[in-house]
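Trainee: Sharing a structure here in structure tokens format.
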Amino acid sequence: MKSLFSLILVLLMATNTYAVTKVNGAGATFPYPMYSKWFSEYNKNNKDVQFNYQSIGSGGGIRQLIKQTVDFGASDAPMKERDMKKAAWPVKHIPTVLGAVSVAYNLEVNGNLNLDGETLSAIFLGDISKWNDGRIQKLNPAVKLPNTDILVVRRADGSGTTSIFSDYLSTVSTKWESKVGRGKSLKWPVGIGSKGNEGVTATVKQTEGSIGYVELAYALKNNLPTVALKNKAGEFQKPSVQGVSLSAASLKKDAKVTASIVDAAGKGVYPISAFTYILLPVKEETTQLKEVKKFLKWALTKGQNMTEELHYAPLPKSLATKMLEEIK
């Protein structure tokens, strides 16, 4: 009798099961902590949808989207015209959140470090190779800097975080712009490469004297100190949600959603701030694409309330409203 009851229970459970729609995406590591949280929370009320997101870097996300191996891509760097032409269909850039690219370091010093754009670019160009270099010391008169070699840690993969960081360095340094320039992948003058924000964070954390650039959430989660950068107003600002939001406020109403907001004017601004995007193919609506759109509608409304706890900034409400119309 007991075994018969168990069999009936199993049959009842089987009849109550439902098909799960699997949605595949890939791309930027910059927003990965945010997307992981969103997908988890969204799934609680949408159990018939399962999002599988591969954090492989913006370059990888764009390639996978072009190859049609994913339902959506994700990138911090807007797609270039040549990549748009390779895609089988038009692609919409849907900004989801804003984040800060922080400059994290591993150095025992008696205080916080200040840097300006020129000095930071000189470090990543290899023109400054010691922590007690006079140019760094001048910006930190109260800090005793050691005679330690600087190890630059940068991305080894095609990266939207690199695109944002190099956009900033090109904006503030003519030497950087002429020698290295902007892009997801660069010919780096110095340093060692690590894969993803995760890899750069781990290398900096393990290596004394190192400096690297990572999305703020990674630095904070791993207790890495971050540089206070000099902004256009002459203030030294550490990366923060508020500083990122003030950068977004500089964006003009008629500007493209893919416009750069690095080195924005205004007090309180953190100078390496940027949007990150879901790359949405414009084509005949599949079940997966329909689910991506439903998720984005949730992310641009209820999901925005979860951003600050993970050290991202919500979209300006006017922009979120505009994107909801785009998705329709």
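Simple scheme: letters A, B, ... for chains in structure tokens order, numbers from 1 for residues in each chain, numbers from 1 for ligands in the order shown.
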Identify, on the basis of only C-alpha atoms, every residue whose closest approach to Gly181 in chain A does not exceed 9 Å; exclude the query and any residue fewer than 3 positions from it along the same chain; express the result as a VMD selection string.

Mentor: chain A and resid 166 to 167 169 to 170 175 to 178 186

Trainee: Using N, CA, C and O atoms, can you write the selected residues to a file as a PDB file, in the first residue's frame?

Mentor:
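Dumped everything to part_36.pdb:
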ATOM      1  N   SER A 166      40.738  52.540 -21.127  1.00  0.00           N
ATOM      2  CA  SER A 166      41.577  53.164 -22.157  1.00  0.00           C
ATOM      3  C   SER A 166      40.911  54.405 -22.746  1.00  0.00           C
ATOM      4  O   SER A 166      41.604  55.331 -23.191  1.00  0.00           O
ATOM      5  N   ASP A 167      39.584  54.444 -22.731  1.00  0.00           N
ATOM      6  CA  ASP A 167      38.868  55.650 -23.153  1.00  0.00           C
ATOM      7  C   ASP A 167      39.208  56.806 -22.211  1.00  0.00           C
ATOM      8  O   ASP A 167      39.477  57.934 -22.649  1.00  0.00           O
ATOM      9  N   LEU A 169      41.977  57.012 -20.216  1.00  0.00           N
ATOM     10  CA  LEU A 169      43.382  57.379 -20.350  1.00  0.00           C
ATOM     11  C   LEU A 169      43.629  58.184 -21.628  1.00  0.00           C
ATOM     12  O   LEU A 169      44.427  59.121 -21.635  1.00  0.00           O
ATOM     13  N   SER A 170      42.928  57.832 -22.706  1.00  0.00           N
ATOM     14  CA  SER A 170      43.076  58.580 -23.962  1.00  0.00           C
ATOM     15  C   SER A 170      42.508  59.988 -23.840  1.00  0.00           C
ATOM     16  O   SER A 170      43.000  60.921 -24.478  1.00  0.00           O
ATOM     17  N   LYS A 175      49.657  61.467 -24.723  1.00  0.00           N
ATOM     18  CA  LYS A 175      50.692  60.462 -24.961  1.00  0.00           C
ATOM     19  C   LYS A 175      50.089  59.064 -25.009  1.00  0.00           C
ATOM     20  O   LYS A 175      50.448  58.252 -25.876  1.00  0.00           O
ATOM     21  N   TRP A 176      49.158  58.776 -24.078  1.00  0.00           N
ATOM     22  CA  TRP A 176      48.488  57.472 -24.105  1.00  0.00           C
ATOM     23  C   TRP A 176      47.701  57.318 -25.408  1.00  0.00           C
ATOM     24  O   TRP A 176      47.754  56.276 -26.059  1.00  0.00           O
ATOM     25  N   GLU A 177      46.981  58.355 -25.786  1.00  0.00           N
ATOM     26  CA  GLU A 177      46.145  58.281 -26.993  1.00  0.00           C
ATOM     27  C   GLU A 177      46.986  58.008 -28.234  1.00  0.00           C
ATOM     28  O   GLU A 177      46.598  57.212 -29.087  1.00  0.00           O
ATOM     29  N   SER A 178      48.143  58.639 -28.332  1.00  0.00           N
ATOM     30  CA  SER A 178      48.985  58.455 -29.521  1.00  0.00           C
ATOM     31  C   SER A 178      49.750  57.134 -29.511  1.00  0.00           C
ATOM     32  O   SER A 178      49.966  56.527 -30.561  1.00  0.00           O
ATOM     33  N   LEU A 186      44.306  45.780 -26.533  1.00  0.00           N
ATOM     34  CA  LEU A 186      45.343  46.781 -26.781  1.00  0.00           C
ATOM     35  C   LEU A 186      46.719  46.134 -26.870  1.00  0.00           C
ATOM     36  O   LEU A 186      46.931  45.020 -26.381  1.00  0.00           O
TER      37      LEU A 186
END

Trainee: Set out as JSON lines a contact list for range 246-297 of chain A and range 28-40 of chain A with a cut-off of 12 Å, giving each residue of range 246-297 of chain A that qualifies its closest atom pair and distance in Å to one decimal, counting only C-alpha atoms, ordered by chain and rising residue number.

Mentor:
{"residue": "A:Ser273", "atom": "CA", "partner": "A:Phe30", "partner_atom": "CA", "distance": 11.6}
{"residue": "A:Ala274", "atom": "CA", "partner": "A:Phe30", "partner_atom": "CA", "distance": 10.2}
{"residue": "A:Phe275", "atom": "CA", "partner": "A:Pro31", "partner_atom": "CA", "distance": 9.6}
{"residue": "A:Thr276", "atom": "CA", "partner": "A:Pro31", "partner_atom": "CA", "distance": 7.0}
{"residue": "A:Tyr277", "atom": "CA", "partner": "A:Ala28", "partner_atom": "CA", "distance": 8.7}
{"residue": "A:Ile278", "atom": "CA", "partner": "A:Ala28", "partner_atom": "CA", "distance": 9.2}
{"residue": "A:Leu279", "atom": "CA", "partner": "A:Ala28", "partner_atom": "CA", "distance": 10.7}
{"residue": "A:Glu291", "atom": "CA", "partner": "A:Phe39", "partner_atom": "CA", "distance": 11.9}
{"residue": "A:Val292", "atom": "CA", "partner": "A:Phe39", "partner_atom": "CA", "distance": 10.9}
{"residue": "A:Phe295", "atom": "CA", "partner": "A:Phe39", "partner_atom": "CA", "distance": 8.5}
{"residue": "A:Leu296", "atom": "CA", "partner": "A:Trp38", "partner_atom": "CA", "distance": 10.0}
{"residue": "A:Lys297", "atom": "CA", "partner": "A:Trp38", "partner_atom": "CA", "distance": 12.0}

Trainee: Could you give me the residues within range 113-285 of chain A that DSSP places in alpha helix (DSSP H), as an NGL selection string?

Mentor: :A and (117-125 or 134-139 or 160-172 or 174-179 or 196-206 or 216-221 or 241-248)

Trainee: Find the residues near Ala19 in chain A: any atom within 10 Å, counting only C-alpha atoms, skip ones fewer than 3 places away on the same chain, and give them as a PyMOL selection string.

Mentor: chain A and resi 22+47-49
